[in-house]
>>> print(open('start.tsv').read())   # TSV, C-alpha atoms
chain	number	residue	atom	x	y	z
S	97	MET	CA	0.00	0.00	0.00
S	98	SER	CA	2.74	2.47	0.92
S	99	ASP	CA	4.42	1.96	-2.45
S	100	LEU	CA	1.16	2.86	-4.16
S	101	ILE	CA	0.97	6.10	-2.15
S	102	LYS	CA	4.57	6.83	-3.06
S	103	ILE	CA	3.86	6.29	-6.76
S	104	PHE	CA	0.80	8.50	-6.51
S	105	ILE	CA	2.53	11.45	-4.80
S	106	ALA	CA	5.56	11.18	-7.07
S	107	ALA	CA	3.50	11.26	-10.24
S	108	PHE	CA	0.90	13.76	-9.00
S	109	LEU	CA	3.13	16.46	-7.47
S	110	VAL	CA	6.86	15.77	-7.62
S	111	ASN	CA	7.05	14.85	-11.31
S	112	ASN	CA	3.95	16.74	-12.39
S	113	VAL	CA	3.32	15.75	-15.96
S	114	ILE	CA	3.03	19.28	-17.33
S	115	LEU	CA	5.05	21.46	-15.01
S	116	MET	CA	8.03	19.18	-14.48
S	117	ARG	CA	8.03	16.93	-17.54
S	118	PHE	CA	6.54	19.20	-20.23
S	119	ILE	CA	4.20	16.46	-21.46
S	120	GLY	CA	0.78	17.57	-22.71
S	121	LEU	CA	1.77	21.21	-23.15
S	122	CYS	CA	-0.23	21.81	-26.33
S	123	SER	CA	-3.59	21.27	-24.70
S	124	TYR	CA	-2.37	23.00	-21.54
S	125	ILE	CA	-1.94	26.23	-23.50
S	126	GLY	CA	-4.78	25.65	-25.93
S	127	MET	CA	-7.58	24.63	-23.57
S	128	THR	CA	-7.16	26.77	-20.46
S	129	SER	CA	-8.83	29.97	-21.59
S	130	ASP	CA	-11.92	28.94	-19.64
S	131	ILE	CA	-12.11	27.09	-16.31
S	132	GLY	CA	-15.09	24.92	-17.26
S	133	GLN	CA	-13.38	23.87	-20.44
S	134	SER	CA	-10.15	22.96	-18.69
S	135	VAL	CA	-12.02	20.84	-16.13
S	136	GLY	CA	-13.88	19.02	-18.92
S	137	MET	CA	-10.65	18.34	-20.78
S	138	GLY	CA	-8.88	17.27	-17.58
S	139	LEU	CA	-11.62	14.81	-16.65
S	140	ALA	CA	-11.77	13.38	-20.16
S	141	VAL	CA	-8.01	12.88	-20.11
S	142	THR	CA	-8.19	11.22	-16.67
S	143	PHE	CA	-10.88	8.84	-17.86
S	144	VAL	CA	-9.08	7.83	-21.05
S	145	THR	CA	-5.61	7.62	-19.46
S	146	VAL	CA	-6.74	5.18	-16.78
S	147	MET	CA	-8.53	3.05	-19.38
S	148	ALA	CA	-5.59	3.17	-21.79
S	149	SER	CA	-3.23	2.13	-19.03
S	150	ALA	CA	-5.47	-0.78	-18.03
S	151	VAL	CA	-5.75	-1.94	-21.64
S	152	THR	CA	-2.15	-1.55	-22.83
S	153	TRP	CA	-0.58	-3.29	-19.82
S	154	PRO	CA	-2.07	-6.73	-20.62
S	155	ILE	CA	-1.41	-6.23	-24.33
S	156	TYR	CA	2.27	-5.61	-23.68
S	157	TYR	CA	2.84	-8.36	-21.12
S	158	TRP	CA	0.54	-11.05	-22.52
S	159	ILE	CA	0.80	-10.52	-26.28
S	160	LEU	CA	3.81	-8.45	-27.34
S	161	LYS	CA	6.41	-9.68	-24.85
S	162	PRO	CA	5.88	-13.48	-25.12
S	163	ASN	CA	6.15	-13.17	-28.90
S	164	GLY	CA	9.23	-10.94	-28.92
S	165	LEU	CA	7.34	-8.08	-30.55
S	166	GLU	CA	8.34	-5.29	-28.14
S	167	PHE	CA	9.56	-3.11	-31.02
S	168	LEU	CA	5.96	-2.78	-32.22
S	169	GLU	CA	4.84	-1.05	-29.02
S	170	ILE	CA	4.65	2.47	-30.52
S	171	LEU	CA	2.50	1.29	-33.39
S	172	VAL	CA	0.26	-0.97	-31.28
S	173	PHE	CA	-0.26	1.49	-28.42
S	174	ILE	CA	-1.26	4.42	-30.60
S	175	VAL	CA	-3.72	2.30	-32.58
S	176	VAL	CA	-5.18	0.84	-29.38
S	177	ILE	CA	-5.61	4.29	-27.84
S	178	ALA	CA	-7.20	5.68	-31.00
S	179	ALA	CA	-9.63	2.76	-31.12
S	180	LEU	CA	-10.35	3.07	-27.41
S	181	VAL	CA	-11.17	6.76	-27.68
S	182	GLN	CA	-13.51	6.02	-30.54
S	183	LEU	CA	-15.26	3.24	-28.58
S	184	VAL	CA	-15.63	5.41	-25.49
S	185	GLU	CA	-17.14	8.12	-27.66
S	186	PHE	CA	-19.72	5.73	-29.17
S	187	TYR	CA	-20.57	4.27	-25.78
S	188	LEU	CA	-21.04	7.64	-24.07
S	189	LYS	CA	-23.12	9.00	-26.93
S	190	LYS	CA	-25.48	6.03	-26.73
S	191	SER	CA	-25.67	5.29	-23.00
S	192	VAL	CA	-24.68	8.36	-20.99
S	193	PRO	CA	-25.65	11.37	-23.11
S	194	THR	CA	-25.24	13.85	-20.24
S	195	LEU	CA	-21.64	12.83	-19.70
S	196	TYR	CA	-21.12	12.87	-23.46
S	197	HIS	CA	-22.21	16.47	-23.67
S	198	ALA	CA	-19.96	17.41	-20.75
S	199	MET	CA	-16.75	15.87	-22.07
S	200	GLY	CA	-17.54	14.21	-25.39
S	201	ILE	CA	-16.40	17.15	-27.47
S	202	TYR	CA	-12.92	16.82	-26.01
S	203	LEU	CA	-12.55	13.15	-26.90
S	204	PRO	CA	-11.36	13.57	-30.51
S	205	LEU	CA	-8.57	15.86	-29.27
S	206	ILE	CA	-7.37	13.21	-26.86
S	207	THR	CA	-6.02	10.71	-29.37
S	208	THR	CA	-3.05	12.95	-29.99
S	209	ASN	CA	-2.57	13.97	-26.36
S	210	CYS	CA	1.01	13.14	-25.42
S	211	ALA	CA	0.21	12.58	-21.75
S	212	ILE	CA	-1.77	9.41	-22.41
S	213	LEU	CA	0.80	7.79	-24.66
S	214	ALA	CA	3.60	8.81	-22.29
S	215	VAL	CA	1.87	7.05	-19.38
S	216	THR	CA	1.60	3.81	-21.34
S	217	PHE	CA	5.33	3.91	-22.18
S	218	ASP	CA	6.38	4.93	-18.68
S	219	GLN	CA	4.53	2.14	-16.92
S	220	ILE	CA	6.59	-0.31	-18.97
S	221	THR	CA	9.89	1.56	-18.51
S	222	TYR	CA	9.36	1.61	-14.73
S	223	ASN	CA	8.38	-2.10	-14.60
S	224	TYR	CA	5.11	-1.43	-12.78
S	225	ASN	CA	2.66	-4.26	-12.16
S	226	PHE	CA	-0.97	-3.90	-13.15
S	227	VAL	CA	-2.26	-2.18	-9.99
S	228	GLN	CA	0.74	0.14	-9.82
S	229	SER	CA	0.21	1.07	-13.48
S	230	VAL	CA	-3.40	2.05	-12.93
S	231	VAL	CA	-2.55	4.11	-9.83
S	232	PHE	CA	0.28	5.76	-11.76
S	233	ALA	CA	-2.06	6.59	-14.65
S	234	LEU	CA	-4.61	8.08	-12.26
S	235	ALA	CA	-1.97	10.19	-10.50
S	236	VAL	CA	-0.45	11.50	-13.74
S	237	SER	CA	-3.80	12.50	-15.17
S	238	LEU	CA	-4.94	14.16	-11.94
S	239	GLY	CA	-1.65	16.08	-12.00
S	240	TYR	CA	-2.58	17.16	-15.50
S	241	LEU	CA	-5.99	18.33	-14.27
S	242	LEU	CA	-4.36	20.25	-11.39
S	243	ALA	CA	-1.95	22.09	-13.68
S	244	MET	CA	-4.76	22.94	-16.12
S	245	LEU	CA	-6.87	24.36	-13.29
S	246	LEU	CA	-3.98	26.44	-11.92
S	247	LEU	CA	-3.28	28.09	-15.26
S	248	ALA	CA	-6.98	28.57	-16.05
S	249	GLY	CA	-7.36	30.41	-12.75
S	250	VAL	CA	-4.38	32.66	-13.39
S	251	ARG	CA	-5.50	33.37	-16.95
S	252	ARG	CA	-8.75	34.86	-15.68
S	253	ARG	CA	-6.70	37.42	-13.77
S	254	LEU	CA	-4.29	38.02	-16.63
S	255	ARG	CA	-7.09	39.25	-18.83
S	256	ASN	CA	-7.46	42.43	-16.75
S	257	SER	CA	-3.80	42.99	-15.99
S	258	PRO	CA	-1.46	45.52	-17.56
S	259	ILE	CA	0.99	43.29	-19.44
S	260	PRO	CA	4.00	44.73	-21.32
S	261	SER	CA	2.99	44.76	-24.98
S	262	PHE	CA	5.85	42.53	-26.16
S	263	MET	CA	4.79	39.83	-23.70
S	264	MET	CA	1.13	39.90	-24.75
S	265	ASP	CA	-0.76	36.69	-25.52
S	266	THR	CA	1.27	33.52	-25.20
S	267	PRO	CA	4.72	34.65	-23.95
S	268	ILE	CA	3.14	35.77	-20.67
S	269	LEU	CA	1.49	32.36	-20.32
S	270	PHE	CA	4.86	30.65	-20.44
S	271	LEU	CA	6.28	33.16	-17.98
S	272	THR	CA	3.38	32.41	-15.62
S	273	THR	CA	3.93	28.70	-16.08
S	274	SER	CA	7.57	29.18	-15.20
S	275	VAL	CA	6.57	30.75	-11.88
S	276	ILE	CA	4.07	27.96	-11.16
S	277	ALA	CA	6.79	25.43	-11.98
S	278	VAL	CA	9.16	27.12	-9.51
S	279	ALA	CA	6.49	26.61	-6.85
S	280	PHE	CA	6.27	22.93	-7.81
S	281	MET	CA	10.04	22.58	-7.45
S	282	GLY	CA	9.30	22.83	-3.73
S	283	PHE	CA	7.87	19.31	-3.83
S	284	ALA	CA	11.21	17.85	-4.94
S	285	GLY	CA	12.51	15.35	-2.41
S	286	LEU	CA	9.05	14.71	-0.98
S	287	VAL	CA	9.27	11.08	-2.07
S	288	LYS	CA	12.54	9.22	-1.62
O	1246	MET	CA	11.09	26.84	-58.05
O	1247	LYS	CA	10.31	30.16	-56.39
O	1248	ARG	CA	7.03	28.72	-55.17
O	1249	LEU	CA	8.79	25.78	-53.51
O	1250	PHE	CA	11.20	28.17	-51.84
O	1251	THR	CA	8.28	30.18	-50.45
O	1252	ILE	CA	6.74	27.01	-49.02
O	1253	PHE	CA	10.10	26.18	-47.45
O	1254	LEU	CA	10.52	29.65	-45.90
O	1255	ASN	CA	6.98	29.60	-44.56
O	1256	GLY	CA	7.88	27.09	-41.88
O	1257	LEU	CA	10.95	28.99	-40.74
O	1258	ILE	CA	9.32	32.12	-39.30
O	1259	VAL	CA	5.95	33.11	-40.69
O	1260	GLU	CA	4.26	29.87	-39.69
O	1261	ASN	CA	6.88	28.55	-37.33
O	1262	PRO	CA	5.35	25.44	-35.72
O	1263	LEU	CA	6.54	26.27	-32.20
O	1264	PHE	CA	6.26	30.04	-31.91
O	1265	ILE	CA	3.26	30.77	-34.10
O	1266	ILE	CA	1.10	27.68	-34.46
O	1267	MET	CA	2.23	26.49	-31.01
O	1268	ILE	CA	2.19	22.78	-31.61
O	1269	GLY	CA	4.73	20.16	-30.62
O	1270	LEU	CA	5.76	22.04	-27.51
O	1271	CYS	CA	6.38	19.10	-25.18
O	1272	SER	CA	9.45	17.70	-26.84
O	1273	ALA	CA	10.79	21.17	-27.62
O	1274	LEU	CA	11.00	22.22	-23.97
O	1275	ALA	CA	11.89	18.86	-22.48
O	1276	VAL	CA	14.94	17.91	-24.50
O	1277	THR	CA	16.62	21.31	-24.84
O	1278	THR	CA	18.80	21.07	-21.74
O	1279	THR	CA	21.84	20.53	-23.99
O	1280	VAL	CA	22.54	21.60	-27.57
O	1281	ALA	CA	23.33	18.02	-28.65
O	1282	ASN	CA	19.89	16.86	-27.51
O	1283	GLY	CA	18.24	19.78	-29.31
O	1284	ILE	CA	19.94	18.96	-32.60
O	1285	GLY	CA	19.20	15.25	-32.20
O	1286	MET	CA	15.52	15.82	-31.57
O	1287	GLY	CA	15.29	18.31	-34.45
O	1288	VAL	CA	16.83	15.89	-36.93
O	1289	ALA	CA	14.68	13.02	-35.67
O	1290	LEU	CA	11.47	15.00	-36.02
O	1291	THR	CA	12.46	16.37	-39.44
O	1292	PHE	CA	13.06	12.81	-40.66
O	1293	VAL	CA	9.68	11.55	-39.48
O	1294	LEU	CA	7.88	14.65	-40.75
O	1295	VAL	CA	9.41	14.64	-44.25
O	1296	MET	CA	9.00	10.89	-44.76
O	1297	SER	CA	5.39	10.84	-43.53
O	1298	GLU	CA	4.42	13.88	-45.59
O	1299	VAL	CA	5.95	12.42	-48.76
O	1300	ILE	CA	4.30	9.01	-48.30
O	1301	ILE	CA	0.90	10.51	-47.49
O	1302	ALA	CA	1.13	12.93	-50.42
O	1303	LEU	CA	1.95	10.02	-52.74
O	1304	PHE	CA	-1.11	8.07	-51.61
O	1305	ARG	CA	-3.43	11.03	-51.02
O	1306	LYS	CA	-5.83	10.03	-53.80
O	1307	LEU	CA	-6.06	6.40	-52.66
O	1308	ILE	CA	-6.80	7.06	-48.99
O	1309	PRO	CA	-10.55	7.06	-48.27
O	1310	ASN	CA	-11.54	10.21	-46.42
O	1311	SER	CA	-13.47	8.48	-43.64
O	1312	ILE	CA	-10.58	6.37	-42.36
O	1313	ARG	CA	-7.73	8.75	-43.09
O	1314	MET	CA	-6.82	9.38	-39.44
O	1315	PRO	CA	-5.96	5.75	-38.57
O	1316	ILE	CA	-3.97	5.47	-41.80
O	1317	PHE	CA	-1.99	8.63	-41.01
O	1318	LEU	CA	-1.33	7.35	-37.50
O	1319	VAL	CA	0.00	4.02	-38.75
O	1320	VAL	CA	2.30	5.68	-41.30
O	1321	ILE	CA	3.65	8.13	-38.71
O	1322	ALA	CA	4.04	5.40	-36.08
O	1323	SER	CA	6.01	3.24	-38.53
O	1324	PHE	CA	8.50	5.99	-39.29
O	1325	THR	CA	8.78	6.83	-35.60
O	1326	THR	CA	9.61	3.19	-34.86
O	1327	ILE	CA	12.26	3.17	-37.61
O	1328	MET	CA	13.78	6.37	-36.23
O	1329	ASP	CA	13.63	5.09	-32.64
O	1330	LEU	CA	15.46	1.87	-33.51
O	1331	GLU	CA	18.07	3.76	-35.60
O	1332	MET	CA	18.74	6.15	-32.72
O	1333	LYS	CA	19.11	3.25	-30.27
O	1334	ALA	CA	21.58	1.55	-32.59
O	1335	TYR	CA	23.79	4.48	-33.64
O	1336	PHE	CA	23.38	7.10	-30.87
O	1337	PRO	CA	22.65	5.09	-27.70
O	1338	ALA	CA	23.67	7.90	-25.32
O	1339	LEU	CA	21.51	10.49	-27.09
O	1340	SER	CA	18.59	8.07	-27.26
O	1341	LYS	CA	18.85	7.38	-23.55
O	1342	SER	CA	18.93	11.06	-22.54
O	1343	MET	CA	15.82	11.81	-24.60
O	1344	GLY	CA	13.96	8.81	-23.20
O	1345	VAL	CA	10.22	8.79	-23.69
O	1346	PHE	CA	10.26	11.82	-25.99
O	1347	ILE	CA	11.43	9.80	-28.99
O	1348	PRO	CA	8.36	7.53	-29.09
O	1349	LEU	CA	6.27	10.62	-28.34
O	1350	VAL	CA	7.16	12.01	-31.79
O	1351	VAL	CA	4.26	9.88	-32.98
O	1352	VAL	CA	1.74	12.12	-31.22
O	1353	ASN	CA	3.70	15.29	-31.92
O	1354	CYS	CA	1.05	17.63	-33.23
O	1355	ILE	CA	3.45	19.04	-35.84
O	1356	VAL	CA	3.54	15.75	-37.71
O	1357	MET	CA	-0.15	14.98	-37.42
O	1358	GLY	CA	-1.13	18.60	-38.08
O	1359	ARG	CA	0.98	19.03	-41.21
O	1360	VAL	CA	-0.02	15.66	-42.62
O	1361	GLU	CA	-3.69	16.40	-42.09
O	1362	ALA	CA	-3.66	20.07	-43.11
O	1363	TYR	CA	-1.10	19.98	-45.88
O	1364	ALA	CA	0.24	16.67	-47.21
O	1365	SER	CA	-3.17	15.08	-47.66
O	1366	LYS	CA	-4.11	17.77	-50.19
O	1367	GLN	CA	-0.88	18.75	-51.96
O	1368	PRO	CA	1.43	17.22	-54.59
O	1369	VAL	CA	4.53	15.35	-53.44
O	1370	LEU	CA	7.09	18.06	-54.15
O	1371	ASN	CA	5.17	20.70	-52.18
O	1372	ALA	CA	4.78	18.28	-49.29
O	1373	LEU	CA	8.51	17.54	-49.33
O	1374	PHE	CA	9.43	21.22	-49.07
O	1375	ASP	CA	6.76	21.89	-46.47
O	1376	GLY	CA	8.17	19.03	-44.38
O	1377	LEU	CA	11.71	20.36	-44.73
O	1378	GLY	CA	10.66	23.93	-43.89
O	1379	MET	CA	8.63	22.94	-40.85
O	1380	GLY	CA	11.31	20.50	-39.70
O	1381	ILE	CA	14.08	23.06	-39.94
O	1382	GLY	CA	11.83	25.73	-38.43
O	1383	TYR	CA	11.40	23.39	-35.46
O	1384	THR	CA	15.11	22.58	-35.31
O	1385	TRP	CA	16.31	26.18	-35.20
O	1386	VAL	CA	14.00	26.97	-32.32
O	1387	LEU	CA	15.31	23.94	-30.46
O	1388	ILE	CA	18.89	25.05	-31.05
O	1389	ALA	CA	18.08	28.64	-29.99
O	1390	LEU	CA	16.49	27.37	-26.77
O	1391	SER	CA	19.21	24.88	-25.94
O	1392	VAL	CA	22.09	27.32	-26.60
O	1393	VAL	CA	20.74	29.70	-23.95
O	1394	ARG	CA	19.90	26.93	-21.50
O	1395	GLU	CA	23.19	25.04	-21.82
O	1396	LEU	CA	25.30	28.21	-21.78
O	1397	LEU	CA	23.69	29.71	-18.69
O	1398	GLY	CA	22.84	26.47	-16.92
O	1399	ASN	CA	26.07	24.60	-17.45
O	1400	GLY	CA	28.57	27.07	-18.92
O	1401	THR	CA	29.19	24.83	-21.93
O	1402	LEU	CA	28.19	24.56	-25.58
O	1403	LEU	CA	27.97	21.09	-27.14
O	1404	GLY	CA	29.84	19.87	-24.07
O	1405	ILE	CA	32.80	22.27	-24.53
O	1406	GLN	CA	33.50	24.73	-21.71
O	1407	VAL	CA	32.81	28.25	-23.04
O	1408	MET	CA	32.24	30.43	-20.02
O	1409	PRO	CA	35.26	31.48	-17.92
O	1410	SER	CA	35.88	29.29	-14.90
O	1411	SER	CA	34.84	32.10	-12.55
O	1412	PHE	CA	31.28	31.77	-13.89
O	1413	SER	CA	29.10	29.69	-11.64
O	1414	PRO	CA	26.39	27.87	-13.63
O	1415	MET	CA	22.78	28.83	-12.94
O	1416	ILE	CA	21.14	25.43	-12.52
O	1417	PHE	CA	17.75	27.15	-12.81
O	1418	PHE	CA	18.02	27.20	-16.60
O	1419	ILE	CA	18.47	23.43	-16.83
O	1420	LEU	CA	15.45	22.83	-14.60
O	1421	PRO	CA	11.88	22.88	-16.00
O	1422	PRO	CA	11.00	26.46	-14.88
O	1423	GLY	CA	14.05	27.76	-16.76
O	1424	GLY	CA	12.79	26.04	-19.88
O	1425	PHE	CA	9.46	27.84	-19.68
O	1426	LEU	CA	11.21	31.17	-18.99
O	1427	VAL	CA	13.65	30.94	-21.92
O	1428	PHE	CA	10.87	29.81	-24.25
O	1429	SER	CA	8.68	32.71	-23.20
O	1430	PHE	CA	11.37	35.28	-24.03
O	1431	TRP	CA	12.32	33.66	-27.34
O	1432	MET	CA	8.66	33.62	-28.26
O	1433	ALA	CA	8.23	37.33	-27.48
O	1434	LEU	CA	11.29	38.08	-29.62
O	1435	SER	CA	10.07	35.98	-32.52
O	1436	ASN	CA	6.65	37.61	-32.38
O	1437	GLN	CA	8.27	41.04	-32.75
O	1438	LEU	CA	10.26	39.78	-35.74
O	1439	ARG	CA	7.16	38.31	-37.34
O	1440	LYS	CA	5.27	41.58	-36.90
O	1441	LYS	CA	8.04	43.38	-38.76
O	1442	ILE	CA	8.05	40.83	-41.59
O	1443	LEU	CA	4.29	40.93	-41.94
O	1444	ALA	CA	4.06	44.70	-41.47
O	1445	GLY	CA	3.12	45.39	-45.10
O	1446	ARG	CA	1.18	42.17	-45.63
O	1447	LYS	CA	-2.10	41.04	-44.25
O	1448	PRO	CA	-1.37	38.12	-41.91
O	1449	GLU	CA	-2.94	34.86	-42.93
O	1450	PRO	CA	-4.78	32.96	-40.24
O	1451	THR	CA	-2.76	30.08	-38.91
O	1452	GLU	CA	-4.57	26.90	-38.14
O	1453	ASP	CA	-4.14	24.59	-35.22
O	1454	SER	CA	-6.39	21.65	-35.75
O	1455	CYS	CA	-5.18	19.24	-33.12
O	1456	CYS	CA	-4.98	20.89	-29.73
O	1457	THR	CA	-7.81	23.39	-29.55
O	1458	LEU	CA	-11.46	23.20	-30.39
O	1459	PRO	CA	-11.91	24.97	-33.71
O	1460	ASP	CA	-14.52	27.56	-32.69
O	1461	ILE	CA	-12.97	28.38	-29.33
O	1462	GLY	CA	-9.47	28.48	-30.80
O	1463	SER	CA	-10.44	31.13	-33.35
O	1464	ALA	CA	-12.30	33.16	-30.76
O	1465	GLU	CA	-9.21	33.11	-28.57
O	1466	LYS	CA	-6.97	34.38	-31.33
O	1467	ALA	CA	-9.35	37.09	-32.48
>>> encode(input="start.tsv", output="structure tokens")
Amino acid sequence: MSDLIKIFIAAFLVNNVILMRFIGLCSYIGMTSDIGQSVGMGLAVTFVTVMASAVTWPIYYWILKPNGLEFLEILVFIVVIAALVQLVEFYLKKSVPTLYHAMGIYLPLITTNCAILAVTFDQITYNYNFVQSVVFALAVSLGYLLAMLLLAGVRRRLRNSPIPSFMMDTPILFLTTSVIAVAFMGFAGLVK
Amino acid sequence: MKRLFTIFLNGLIVENPLFIIMIGLCSALAVTTTVANGIGMGVALTFVLVMSEVIIALFRKLIPNSIRMPIFLVVIASFTTIMDLEMKAYFPALSKSMGVFIPLVVVNCIVMGRVEAYASKQPVLNALFDGLGMGIGYTWVLIALSVVRELLGNGTLLGIQVMPSSFSPMIFFILPPGGFLVFSFWMALSNQLRKKILAGRKPEPTEDSCCTLPDIGSAEKA
């Protein structure tokens, strides 16, 4: 149990997927102009990441590895994730329309979200077992949601602030992110 | 010939994938702690981008519209695998220091975005030059970022000591916050340059089809 907590804290705060590892930056900048939107995207990513992790782990250890096909992992994982996203979209549309309207529009964007693919590679690099992989996936994607929320909150303030004209638009976002990342450096060493 | 050259130049500044369209940011910030890594990543991405664009442009009339995305993904993933294995074989140290970011080229929005927005509609030669322009546009930004970060963070360039020995390296620039900071200032600089270049011309809208919702994205830029 304690190793699961360690994995969770490490992936959620210490190695935050966006602020410390730069993964998933495109959607971090693109989708945070509105708090509701960033929560929707964050939840959709959480949902798909956990599912992708639970699906790719057995594929790697039960199909690819026994047959010596590890070199195909990039190809197989991306196709599996794309298919999974499509299936989830169909299922939500048919069975849970309310949820579909809340986060369905973000699903097509998710196929090319680096964070999800990175989780599936990392869980294999770190030799996690199935439960550890799922906890890791959950922690990474919640870290993603946290970073999205932080920037979305700051952006609301930025809109009414006097910003030097050469830093307008996106440069100031990266400057803000840099400051948030400095704050996250404080978590370093939390997990030995 | 002149037309091809214009396509090539487009990727360098006017539609630079990192500064203007803002796609493919993850790998750009993560690997630029040293100049060698920056160059390696730039070359790797350019290879995958050019090869995928050429192959897709060759087959653009045979690919059914409804299943084009999976086909693009498989083509890009194949070239990424080729590049990943080549890197592991010939540059093991470089491959190790870039880690997960090499397989992540497959979901790099630059590749997917250009294939979808450009190569699937244009003849092969145009696609080739677009790939080269975008690839080199990406590479120069990586080199610009990594020169600042390695020089200030480590006092070296390509591993050779440049700064005098009295200079104490500012580790901050090697760490993630430094990456965001340097990128932010380079971006501000590049935006100024672009404004000057486009001063007489009407700027064309740039499209980012893979990381923002279309309607919200355009509202944000307007």
>>> closest_residue(input="start.tsv", among="S:Ile259, S:Val144, S:Leu205, S:Val176", to="chain O", atoms="all atoms listed in the file")
S:Leu205
>>> residues_around(input="start.tsv", residues="segment 1426-1437 of chain O", least_positions_apart="5", cutoff="12 Å", atoms="only C-alpha atoms", output="VMD selection string")
(chain S and resid 260 to 278) or (chain O and resid 1257 to 1267 1270 to 1271 1273 to 1275 1277 to 1278 1382 1385 to 1398 1417 to 1421 1442 to 1444)
>>> atom_distance(input="start.tsv", atom1="atom CA of Phe1317 of chain O", atom2="atom CA of Val1356 of chain O")
9.6 Å
>>> atom_distance(input="start.tsv", atom1="atom CA of Gln1367 of chain O", atom2="atom CA of Ser123 of chain S")
27.5 Å
>>> residues_around(input="start.tsv", residues="Arg1305 of chain O", least_positions_apart="2", cutoff="10 Å", atoms="all atoms listed in the file", output="list of chain:residue names")
O:Glu1298, O:Val1299, O:Ile1300, O:Ile1301, O:Ala1302, O:Leu1303, O:Leu1307, O:Ile1308, O:Pro1309, O:Asn1310, O:Arg1313, O:Ala1364, O:Ser1365, O:Lys1366, O:Gln1367, O:Pro1368, O:Val1369
>>> residues_around(input="start.tsv", residues="Asp1329 of chain O", least_positions_apart="5", cutoff="12 Å", atoms="all atoms listed in the file", output="ChimeraX atom specification")
/S:167-171 /O:1285-1286,1289-1290,1292-1293,1322-1324,1334-1337,1339-1341,1343-1351
>>> atom_distance(input="start.tsv", atom1="atom CA of Met97 of chain S", atom2="atom CA of Ala211 of chain S")
25.1 Å
>>> closest_residue(input="start.tsv", among="S:Lys102, S:Lys161, S:Lys190, S:Arg255", to="chain O", atoms="only C-alpha atoms")
S:Arg255
>>> closest_residue(input="start.tsv", among="O:Phe1425, O:Phe1253, O:Phe1304, O:Phe1374", to="chain S", atoms="only C-alpha atoms")
O:Phe1425
>>> residues_around(input="start.tsv", residues="Phe108 of chain S", least_positions_apart="5", cutoff="10 Å", atoms="all atoms listed in the file", output="MDAnalysis selection string")
chainID S and resid 102:103 113 232:243
>>> write_last_selection(input="start.tsv", atoms="C-alpha atoms", output="PDB file, in the coordinates of the input")
ATOM      1  CA  LYS S 102       4.570   6.830  -3.060  1.00  0.00           C
ATOM      2  CA  ILE S 103       3.860   6.290  -6.760  1.00  0.00           C
ATOM      3  CA  VAL S 113       3.320  15.750 -15.960  1.00  0.00           C
ATOM      4  CA  PHE S 232       0.280   5.760 -11.760  1.00  0.00           C
ATOM      5  CA  ALA S 233      -2.060   6.590 -14.650  1.00  0.00           C
ATOM      6  CA  LEU S 234      -4.610   8.080 -12.260  1.00  0.00           C
ATOM      7  CA  ALA S 235      -1.970  10.190 -10.500  1.00  0.00           C
ATOM      8  CA  VAL S 236      -0.450  11.500 -13.740  1.00  0.00           C
ATOM      9  CA  SER S 237      -3.800  12.500 -15.170  1.00  0.00           C
ATOM     10  CA  LEU S 238      -4.940  14.160 -11.940  1.00  0.00           C
ATOM     11  CA  GLY S 239      -1.650  16.080 -12.000  1.00  0.00           C
ATOM     12  CA  TYR S 240      -2.580  17.160 -15.500  1.00  0.00           C
ATOM     13  CA  LEU S 241      -5.990  18.330 -14.270  1.00  0.00           C
ATOM     14  CA  LEU S 242      -4.360  20.250 -11.390  1.00  0.00           C
ATOM     15  CA  ALA S 243      -1.950  22.090 -13.680  1.00  0.00           C
TER      16      ALA S 243
END
>>> residues_around(input="start.tsv", residues="Met147 of chain S", least_positions_apart="2", cutoff="10 Å", atoms="all atoms listed in the file", output="ChimeraX atom specification")
/S:141-145,149-152,177,180-181,184,212,230,233-234
>>> decode(input="start.tsv", residues="segment 1372-1379 of chain O", atoms="N, CA and C atoms", output="short mmCIF file (atom, residue, chain, number, x, y, z; two decimals), in the first residue's frame")
data_model
loop_
_atom_site.label_atom_id
_atom_site.label_comp_id
_atom_site.auth_asym_id
_atom_site.auth_seq_id
_atom_site.Cartn_x
_atom_site.Cartn_y
_atom_site.Cartn_z
N ALA O 1372 4.78 18.90 -50.61
CA ALA O 1372 4.78 18.28 -49.29
C ALA O 1372 6.21 18.10 -48.79
N LEU O 1373 7.10 17.72 -49.71
CA LEU O 1373 8.51 17.54 -49.33
C LEU O 1373 9.09 18.83 -48.78
N PHE O 1374 8.85 19.95 -49.51
CA PHE O 1374 9.43 21.22 -49.07
C PHE O 1374 8.74 21.75 -47.81
N ASP O 1375 7.45 21.49 -47.69
CA ASP O 1375 6.76 21.89 -46.47
C ASP O 1375 7.34 21.14 -45.28
N GLY O 1376 7.59 19.83 -45.46
CA GLY O 1376 8.17 19.03 -44.38
C GLY O 1376 9.53 19.55 -44.00
N LEU O 1377 10.36 19.85 -45.02
CA LEU O 1377 11.71 20.36 -44.73
C LEU O 1377 11.63 21.69 -44.01
N GLY O 1378 10.77 22.59 -44.50
CA GLY O 1378 10.66 23.93 -43.89
C GLY O 1378 10.20 23.85 -42.45
N MET O 1379 9.14 23.08 -42.21
CA MET O 1379 8.63 22.94 -40.85
C MET O 1379 9.66 22.27 -39.95
#
